[in-house]
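Text of target_10.txt (compact mmCIF, C-alpha atoms) as supplied:
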```txt
# COMPACT_ATOMS: atom_id res chain seq x y z
CA MET X 1 84.74 82.25 79.96
CA ILE X 2 82.44 84.36 77.79
CA TYR X 3 78.90 85.02 79.07
CA ALA X 4 76.06 86.45 76.97
CA VAL X 5 72.74 88.11 77.71
CA GLU X 6 70.21 89.79 75.42
CA ASN X 7 66.87 91.51 75.19
CA GLU X 8 64.74 92.41 72.17
CA GLN X 9 67.18 95.16 71.12
CA LEU X 10 70.71 94.20 72.11
CA ARG X 11 73.03 91.27 72.69
CA ILE X 12 76.11 91.69 74.86
CA LYS X 13 79.04 89.44 75.76
CA VAL X 14 81.21 89.72 78.86
CA ASP X 15 84.48 87.91 79.58
CA SER X 16 84.89 86.63 83.15
CA MET X 17 88.58 87.57 82.83
CA GLY X 18 88.44 91.10 84.17
CA ALA X 19 84.60 91.18 83.90
CA GLU X 20 85.26 92.88 80.57
CA LEU X 21 82.45 93.87 78.21
CA ARG X 22 83.60 92.47 74.85
CA SER X 23 80.63 92.95 72.52
CA VAL X 24 77.49 95.06 72.06
CA VAL X 25 75.46 94.05 69.01
CA ASP X 26 72.31 95.68 67.67
CA LYS X 27 70.11 92.63 67.01
CA LYS X 28 68.12 94.34 64.28
CA THR X 29 71.13 95.25 62.14
CA GLY X 30 73.69 92.75 63.43
CA LEU X 31 76.22 95.58 63.81
CA GLU X 32 78.91 95.58 66.50
CA TYR X 33 79.43 98.80 68.47
CA MET X 34 82.49 97.88 70.55
CA TRP X 35 86.10 98.06 69.40
CA SER X 36 87.42 94.81 67.90
CA GLY X 37 90.46 94.45 70.17
CA ASP X 38 92.87 94.41 67.22
CA PRO X 39 96.31 93.98 68.88
CA THR X 40 97.91 96.13 66.16
CA TYR X 41 96.53 99.12 68.07
CA TRP X 42 95.04 98.07 71.43
CA VAL X 43 94.30 94.50 72.46
CA ALA X 44 91.69 95.33 75.13
CA VAL X 45 88.04 96.25 74.53
CA SER X 46 86.57 97.54 77.79
CA PRO X 47 88.72 96.81 80.85
CA VAL X 48 87.38 97.46 84.34
CA LEU X 49 89.76 99.59 86.40
CA PHE X 50 90.10 98.70 90.10
CA PRO X 51 91.47 99.37 92.71
CA PHE X 52 93.62 101.97 90.91
CA ILE X 53 93.25 104.06 87.78
CA GLY X 54 96.13 105.10 85.59
CA VAL X 55 99.82 105.21 86.42
CA LEU X 56 101.46 105.70 89.81
CA GLN X 57 104.56 107.84 90.23
CA ASP X 58 107.49 105.38 90.07
CA GLY X 59 104.94 102.54 89.95
CA VAL X 60 104.38 102.60 93.72
CA TYR X 61 102.02 103.96 96.37
CA ARG X 62 102.55 104.50 100.08
CA TYR X 63 100.23 103.27 102.80
CA ASP X 64 100.71 102.70 106.53
CA GLY X 65 104.46 103.32 106.32
CA LYS X 66 105.05 100.84 103.47
CA GLU X 67 105.50 101.05 99.70
CA TYR X 68 103.47 98.81 97.38
CA GLU X 69 103.96 98.25 93.67
CA MET X 70 100.95 98.50 91.36
CA THR X 71 100.65 98.23 87.58
CA ARG X 72 98.67 100.63 85.39
CA HIS X 73 94.92 100.57 86.10
CA GLY X 74 95.11 98.04 88.93
CA PHE X 75 94.76 94.27 88.98
CA ALA X 76 91.04 93.69 88.30
CA LYS X 77 91.52 93.75 84.53
CA ARG X 78 93.97 90.84 84.73
CA THR X 79 92.03 88.77 87.27
CA GLU X 80 89.38 86.10 86.77
CA PHE X 81 85.97 87.06 88.20
CA VAL X 82 83.22 84.69 89.28
CA CYS X 83 79.90 85.06 87.46
CA SER X 84 77.74 85.53 90.55
CA ALA X 85 74.39 85.97 88.79
CA GLN X 86 73.07 85.38 85.27
CA GLU X 87 69.56 86.81 84.97
CA GLU X 88 67.17 87.31 82.09
CA ASN X 89 68.52 90.79 81.32
CA ALA X 90 71.65 91.04 83.48
CA LEU X 91 75.06 89.59 84.29
CA TRP X 92 76.91 90.09 87.57
CA PHE X 93 80.55 89.29 88.31
CA ALA X 94 82.40 89.29 91.64
CA LEU X 95 86.01 89.55 92.76
CA GLU X 96 87.18 89.08 96.36
CA ASP X 97 90.54 89.64 97.97
CA THR X 98 93.05 86.82 98.15
CA GLU X 99 96.51 86.36 99.56
CA SER X 100 97.83 87.45 96.16
CA THR X 101 95.77 90.66 95.99
CA ARG X 102 96.63 91.57 99.59
CA ALA X 103 100.32 91.48 98.68
CA GLU X 104 99.61 94.34 96.22
CA TYR X 105 96.67 95.97 98.00
CA PRO X 106 96.41 95.40 101.78
CA PHE X 107 92.64 95.44 102.10
CA ALA X 108 89.85 92.87 102.38
CA PHE X 109 87.14 93.66 99.81
CA ARG X 110 84.42 92.42 97.53
CA PHE X 111 84.07 94.11 94.14
CA GLU X 112 81.07 93.49 91.89
CA ALA X 113 80.59 94.51 88.25
CA GLY X 114 77.15 94.27 86.68
CA TYR X 115 75.73 94.67 83.17
CA VAL X 116 71.98 95.30 82.94
CA LEU X 117 70.07 95.66 79.66
CA GLU X 118 67.21 98.15 79.41
CA GLY X 119 65.97 98.65 75.86
CA ARG X 120 68.89 100.06 73.84
CA THR X 121 70.91 100.89 76.98
CA ILE X 122 73.48 98.92 78.95
CA GLN X 123 73.71 99.94 82.60
CA ILE X 124 77.21 99.25 83.92
CA LYS X 125 77.16 99.00 87.71
CA TRP X 126 79.96 98.77 90.27
CA ARG X 127 79.68 97.83 93.93
CA VAL X 128 82.63 98.00 96.32
CA PHE X 129 82.42 96.50 99.82
CA ASN X 130 84.96 97.32 102.51
CA ARG X 131 85.45 94.20 104.66
CA ASN X 132 87.96 95.83 106.98
CA GLU X 133 87.69 97.41 110.41
CA LYS X 134 89.57 100.36 108.94
CA GLU X 135 89.06 102.87 106.15
CA MET X 136 89.69 101.56 102.64
CA TYR X 137 91.02 103.67 99.75
CA PHE X 138 90.42 102.80 96.11
CA ALA X 139 89.59 103.99 92.61
CA VAL X 140 87.17 102.46 90.12
CA GLY X 141 86.43 103.27 86.50
CA GLY X 142 85.54 102.11 83.03
CA HIS X 143 87.68 102.04 79.90
CA PRO X 144 85.22 101.14 77.10
CA GLY X 145 86.50 101.37 73.54
CA PHE X 146 83.89 102.01 70.85
CA ALA X 147 84.02 101.46 67.10
CA CYS X 148 84.78 104.79 65.45
CA PRO X 149 83.72 105.17 62.72
CA PRO X 150 80.62 103.06 63.38
CA ALA X 151 80.32 99.71 61.59
CA TYR X 152 77.59 101.05 59.30
CA GLN X 153 79.95 103.63 57.74
CA ASP X 154 83.26 103.26 55.95
CA GLY X 155 86.01 105.82 56.41
CA LYS X 156 88.22 107.05 59.25
CA ARG X 157 87.59 108.20 62.77
CA THR X 158 88.69 111.71 61.68
CA GLU X 159 85.34 112.00 59.90
CA CYS X 160 83.57 111.62 63.25
CA SER X 161 83.13 113.93 66.24
CA LEU X 162 82.43 114.05 69.96
CA LEU X 163 79.33 115.77 71.32
CA PHE X 164 79.28 117.02 74.92
CA ASP X 165 76.49 118.25 77.18
CA LYS X 166 78.42 121.51 77.41
CA LYS X 167 78.26 124.08 74.64
CA ASP X 168 81.30 126.36 74.75
CA SER X 169 84.54 124.67 75.88
CA ILE X 170 86.16 121.94 77.95
CA VAL X 171 89.48 122.11 79.82
CA SER X 172 91.74 119.06 79.91
CA GLU X 173 94.49 118.25 82.35
CA LEU X 174 97.58 117.33 80.34
CA VAL X 175 99.09 113.89 80.81
CA ASN X 176 102.84 113.59 80.18
CA SER X 177 104.69 110.82 78.35
CA SER X 178 104.93 108.83 81.60
CA GLY X 179 101.15 108.80 82.01
CA LEU X 180 101.15 111.30 84.89
CA VAL X 181 99.22 114.57 85.23
CA SER X 182 101.67 117.35 84.37
CA GLY X 183 99.92 120.28 86.03
CA GLN X 184 99.35 122.00 82.68
CA LYS X 185 95.96 122.38 81.02
CA LYS X 186 94.56 122.72 77.51
CA GLU X 187 91.26 124.28 76.53
CA PHE X 188 89.23 122.82 73.67
CA LYS X 189 86.73 125.14 72.06
CA LEU X 190 83.42 123.50 71.20
CA GLU X 191 81.00 124.44 68.47
CA ASN X 192 77.57 124.01 70.01
CA GLY X 193 78.98 121.17 72.11
CA LYS X 194 80.83 119.42 69.28
CA LEU X 195 84.55 118.58 69.05
CA PRO X 196 85.76 117.14 65.72
CA ILE X 197 88.07 114.12 65.99
CA THR X 198 90.79 115.81 63.98
CA THR X 199 94.18 114.49 62.93
CA GLY X 200 96.42 114.82 65.97
CA LEU X 201 93.60 115.24 68.53
CA PHE X 202 95.14 112.49 70.66
CA ASP X 203 98.72 113.69 70.31
CA ILE X 204 98.29 114.89 73.93
CA ASP X 205 97.52 111.22 74.71
CA THR X 206 94.44 111.65 76.92
CA ILE X 207 91.75 114.30 77.20
CA LEU X 208 91.23 114.28 80.98
CA LEU X 209 88.27 116.30 82.28
CA GLU X 210 87.93 116.88 86.02
CA ASP X 211 85.38 118.55 88.32
CA LYS X 212 82.32 117.04 86.59
CA GLN X 213 82.71 119.33 83.60
CA VAL X 214 80.43 117.03 81.59
CA SER X 215 78.10 114.11 82.31
CA CYS X 216 77.17 112.99 78.79
CA ILE X 217 79.37 112.35 75.72
CA SER X 218 78.16 111.08 72.35
CA LEU X 219 80.07 109.76 69.36
CA CYS X 220 78.75 111.21 66.11
CA ASP X 221 79.17 109.72 62.65
CA ARG X 222 80.36 111.60 59.56
CA ASP X 223 76.80 112.89 59.02
CA ASP X 224 76.83 114.47 62.52
CA ARG X 225 74.35 111.89 63.86
CA PRO X 226 75.00 110.66 67.42
CA TYR X 227 75.20 106.88 67.22
CA LEU X 228 76.34 106.04 70.77
CA THR X 229 76.10 107.94 74.06
CA VAL X 230 77.83 107.47 77.41
CA LYS X 231 76.16 109.01 80.48
CA PHE X 232 77.77 109.17 83.93
CA ASP X 233 78.01 111.02 87.22
CA ALA X 234 81.75 110.46 87.72
CA PRO X 235 83.91 113.40 88.83
CA THR X 236 86.51 112.61 86.16
CA VAL X 237 86.23 111.34 82.59
CA ALA X 238 88.96 110.48 80.10
CA ILE X 239 88.77 110.33 76.30
CA TRP X 240 91.55 108.39 74.63
CA SER X 241 92.60 106.63 71.46
CA VAL X 242 95.78 105.40 69.84
CA LYS X 243 97.74 108.25 68.28
CA PRO X 244 97.91 107.02 64.65
CA ASP X 245 94.78 108.38 63.03
CA GLU X 246 93.97 105.08 61.32
CA GLY X 247 93.06 103.48 64.69
CA SER X 248 89.30 102.89 64.47
CA TYR X 249 88.19 103.34 68.07
CA VAL X 250 87.64 105.99 70.74
CA CYS X 251 87.44 105.33 74.49
CA ILE X 252 85.10 107.30 76.76
CA GLU X 253 86.11 106.48 80.34
CA PRO X 254 84.13 107.54 83.45
CA TRP X 255 86.51 107.51 86.42
CA TYR X 256 86.21 107.70 90.18
CA GLY X 257 89.91 108.44 90.61
CA ARG X 258 92.82 109.04 88.24
CA CYS X 259 96.58 108.69 87.73
CA ASP X 260 99.12 110.40 89.98
CA ASP X 261 100.38 113.93 89.56
CA SER X 262 103.91 114.07 88.15
CA GLY X 263 106.36 113.90 91.04
CA TYR X 264 103.69 112.82 93.54
CA LYS X 265 105.19 111.71 96.88
CA GLY X 266 102.08 111.66 99.07
CA THR X 267 100.26 108.72 100.61
CA LEU X 268 97.40 106.57 99.32
CA GLU X 269 95.00 108.55 101.50
CA GLU X 270 96.09 111.84 99.89
CA ARG X 271 95.88 110.83 96.20
CA PRO X 272 93.79 113.27 94.11
CA TRP X 273 90.22 112.10 93.39
CA GLY X 274 90.67 108.87 95.37
CA MET X 275 87.63 107.20 96.94
CA LYS X 276 87.34 106.34 100.64
CA LEU X 277 85.08 103.80 102.34
CA GLU X 278 84.34 103.72 106.04
CA PRO X 279 84.93 100.44 107.92
CA ASN X 280 82.49 97.81 106.62
CA GLY X 281 80.99 100.40 104.26
CA SER X 282 79.88 100.07 100.64
CA PHE X 283 80.02 102.17 97.47
CA GLU X 284 77.88 102.05 94.33
CA ALA X 285 78.45 103.83 91.02
CA GLY X 286 78.59 103.18 87.29
CA TYR X 287 77.62 104.58 83.90
CA GLU X 288 75.44 103.74 80.92
CA ILE X 289 75.97 103.14 77.21
CA SER X 290 73.05 103.84 74.88
CA LEU X 291 72.73 103.18 71.15
CA ALA X 292 70.80 105.60 68.95
```
Translate the structure described by the file into structure tokens.
Amino acid sequence: MIYAVENEQLRIKVDSMGAELRSVVDKKTGLEYMWSGDPTYWVAVSPVLFPFIGVLQDGVYRYDGKEYEMTRHGFAKRTEFVCSAQEENALWFALEDTESTRAEYPFAFRFEAGYVLEGRTIQIKWRVFNRNEKEMYFAVGGHPGFACPPAYQDGKRTECSLLFDKKDSIVSELVNSSGLVSGQKKEFKLENGKLPITTGLFDIDTILLEDKQVSCISLCDRDDRPYLTVKFDAPTVAIWSVKPDEGSYVCIEPWYGRCDDSGYKGTLEERPWGMKLEPNGSFEAGYEISLA
């Protein structure tokens, strides 16, 4: 089911399937800022990633002496959420463990995803509740795809650029063809914080920045004007798009967690950048999307 909420500036729509943000419209111009979900390139728009992010080595993880299978980015994106609150300027969705989820992920939990409008900003909020008498391990992240170029300009995404809150360079972990971190790195030189979206930029698949290298990324139009900004405090952020340069979207993905290292044979507890909750503990995080 699609739910909508608006304020004087923006109107957003969220699908209860996966608690996925599907639309962000500027009410003054009527322009859409999210990716269309064209299945020719990528059918999703903004999946929520929980309780895993990315790909696992051999599609499995190990916990408490057992192996469990898990698909890319976890099961939240393919699960129906309950709309737990619909307020004047906010929507909240909830997902709780079931017999089915416990077969894939042996923890009792409650996961909440919220969307709160404040002027020209959407606050995306996540809450994770550990309902176990033991430690719980998880990852949570966003995967929002934005129209690039923006709807108010014709052309290709290669006329646009990314603007970071870092001036000189960024260093990406390299992801191999299996979706795993290879152990190699690539440095991208920035010109006063800007990285052009050139032909072939996403031939490496994903720009994966670790260690809180940046906390703010803007998409800029062909006139170098930032038209959308994502702010976050996540330790890891990914930037991704389909490889053919005619694909008209770019994803900016704040992550608390990431995919496995290539050849990883460790346990769930040892996974790089994984989150841990104490028994009966809770975790809150998120990010924000702002329109110029």
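Among the candidates X:His73, X:Arg102, X:Lys194, X:Lys156, the one nearest to Gly142 (chain X) when counting only C-alpha atoms is X:His73.
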- Task: Mind giving me the straight-line distance from CA of Pro106 (chain X) to CA of Lys265 (chain X) in Å, one decimal?
- Result: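 Interatomic distance, CA of Pro106 (chain X) to CA of Lys265 (chain X): 19.2 Å.
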- Counting all atoms listed in the file, which of X:Ser182, X:Ile239, X:Ala234, X:Phe138 gets nearest to Leu208 (chain X)? X:Ile239
- Query: For the point (79.5, 91.2, 71.3) in file coordinates, what residues are within 6 Å, counting only C-alpha atoms? Give the answer as a list in words?
  - Reply: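 Answer for this query, in the requested form: Ile12, Lys13, Arg22, Ser23, Val24 and Val25 of chain X.
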- Between X:Gly141, X:Pro39, X:Gly114, X:Gly193, single out the one closest to Pro51 (chain X), counting only C-alpha atoms.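 Ranked by minimum distance to Pro51 (chain X), first place goes to X:Gly141.
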Contacts of Val43 (chain X) at 12 Å or less, counting all atoms listed in the file, minus same-chain residues fewer than 6 places along, as a compact mmCIF listing (two decimals) with C-alpha atoms, in the frame of the given file?
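Wrote part-v7.txt, looks like this:
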```txt
# COMPACT_ATOMS: atom_id res chain seq x y z
CA ARG X 22 83.60 92.47 74.85
CA TRP X 35 86.10 98.06 69.40
CA SER X 36 87.42 94.81 67.90
CA GLY X 37 90.46 94.45 70.17
CA GLY X 145 86.50 101.37 73.54
CA VAL X 242 95.78 105.40 69.84
CA GLY X 247 93.06 103.48 64.69
CA TYR X 249 88.19 103.34 68.07
```
- CA of Asn132 (chain X) to CA of Val237 (chain X): how many Å, to one decimal?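 We find that CA of Asn132 (chain X) and CA of Val237 (chain X) lie 29.0 Å from each other.
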- Query: Could you state the separation of CA of Asn7 (chain X) and CA of Ala19 (chain X) in Å, given to one decimal place?
  - Reply: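 Going from CA of Asn7 (chain X) over to CA of Ala19 (chain X) covers 19.8 Å.
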Output as a PDB file, in the coordinates of the input: region 201-214 of chain X, completed with N, CA and C atoms.
```
ATOM      1  N   LEU X 201      94.351 114.925  67.307  1.00  0.00           N
ATOM      2  CA  LEU X 201      93.600 115.240  68.530  1.00  0.00           C
ATOM      3  C   LEU X 201      94.194 114.531  69.737  1.00  0.00           C
ATOM      4  N   PHE X 202      94.638 113.274  69.532  1.00  0.00           N
ATOM      5  CA  PHE X 202      95.140 112.490  70.660  1.00  0.00           C
ATOM      6  C   PHE X 202      96.670 112.519  70.761  1.00  0.00           C
ATOM      7  N   ASP X 203      97.287 113.509  70.126  1.00  0.00           N
ATOM      8  CA  ASP X 203      98.720 113.690  70.310  1.00  0.00           C
ATOM      9  C   ASP X 203      99.044 114.044  71.764  1.00  0.00           C
ATOM     10  N   ILE X 204      98.088 114.606  72.500  1.00  0.00           N
ATOM     11  CA  ILE X 204      98.290 114.890  73.930  1.00  0.00           C
ATOM     12  C   ILE X 204      98.050 113.633  74.758  1.00  0.00           C
ATOM     13  N   ASP X 205      97.782 112.520  74.100  1.00  0.00           N
ATOM     14  CA  ASP X 205      97.520 111.220  74.710  1.00  0.00           C
ATOM     15  C   ASP X 205      96.086 111.115  75.196  1.00  0.00           C
ATOM     16  N   THR X 206      95.745 111.800  76.279  1.00  0.00           N
ATOM     17  CA  THR X 206      94.440 111.650  76.920  1.00  0.00           C
ATOM     18  C   THR X 206      93.803 113.004  77.150  1.00  0.00           C
ATOM     19  N   ILE X 207      92.545 113.140  76.781  1.00  0.00           N
ATOM     20  CA  ILE X 207      91.750 114.300  77.200  1.00  0.00           C
ATOM     21  C   ILE X 207      91.174 113.934  78.550  1.00  0.00           C
ATOM     22  N   LEU X 208      91.601 114.617  79.607  1.00  0.00           N
ATOM     23  CA  LEU X 208      91.230 114.280  80.980  1.00  0.00           C
ATOM     24  C   LEU X 208      90.457 115.451  81.579  1.00  0.00           C
ATOM     25  N   LEU X 209      89.161 115.246  81.788  1.00  0.00           N
ATOM     26  CA  LEU X 209      88.270 116.300  82.280  1.00  0.00           C
ATOM     27  C   LEU X 209      87.931 116.032  83.744  1.00  0.00           C
ATOM     28  N   GLU X 210      88.203 117.005  84.592  1.00  0.00           N
ATOM     29  CA  GLU X 210      87.930 116.880  86.020  1.00  0.00           C
ATOM     30  C   GLU X 210      86.781 117.791  86.438  1.00  0.00           C
ATOM     31  N   ASP X 211      86.385 117.666  87.705  1.00  0.00           N
ATOM     32  CA  ASP X 211      85.380 118.550  88.320  1.00  0.00           C
ATOM     33  C   ASP X 211      84.003 118.440  87.670  1.00  0.00           C
ATOM     34  N   LYS X 212      83.656 117.255  87.183  1.00  0.00           N
ATOM     35  CA  LYS X 212      82.320 117.040  86.590  1.00  0.00           C
ATOM     36  C   LYS X 212      81.995 118.080  85.529  1.00  0.00           C
ATOM     37  N   GLN X 213      82.964 118.361  84.665  1.00  0.00           N
ATOM     38  CA  GLN X 213      82.710 119.330  83.600  1.00  0.00           C
ATOM     39  C   GLN X 213      81.568 118.882  82.687  1.00  0.00           C
ATOM     40  N   VAL X 214      81.482 117.575  82.444  1.00  0.00           N
ATOM     41  CA  VAL X 214      80.430 117.030  81.590  1.00  0.00           C
ATOM     42  C   VAL X 214      79.885 115.755  82.231  1.00  0.00           C
TER      43      VAL X 214
END
```
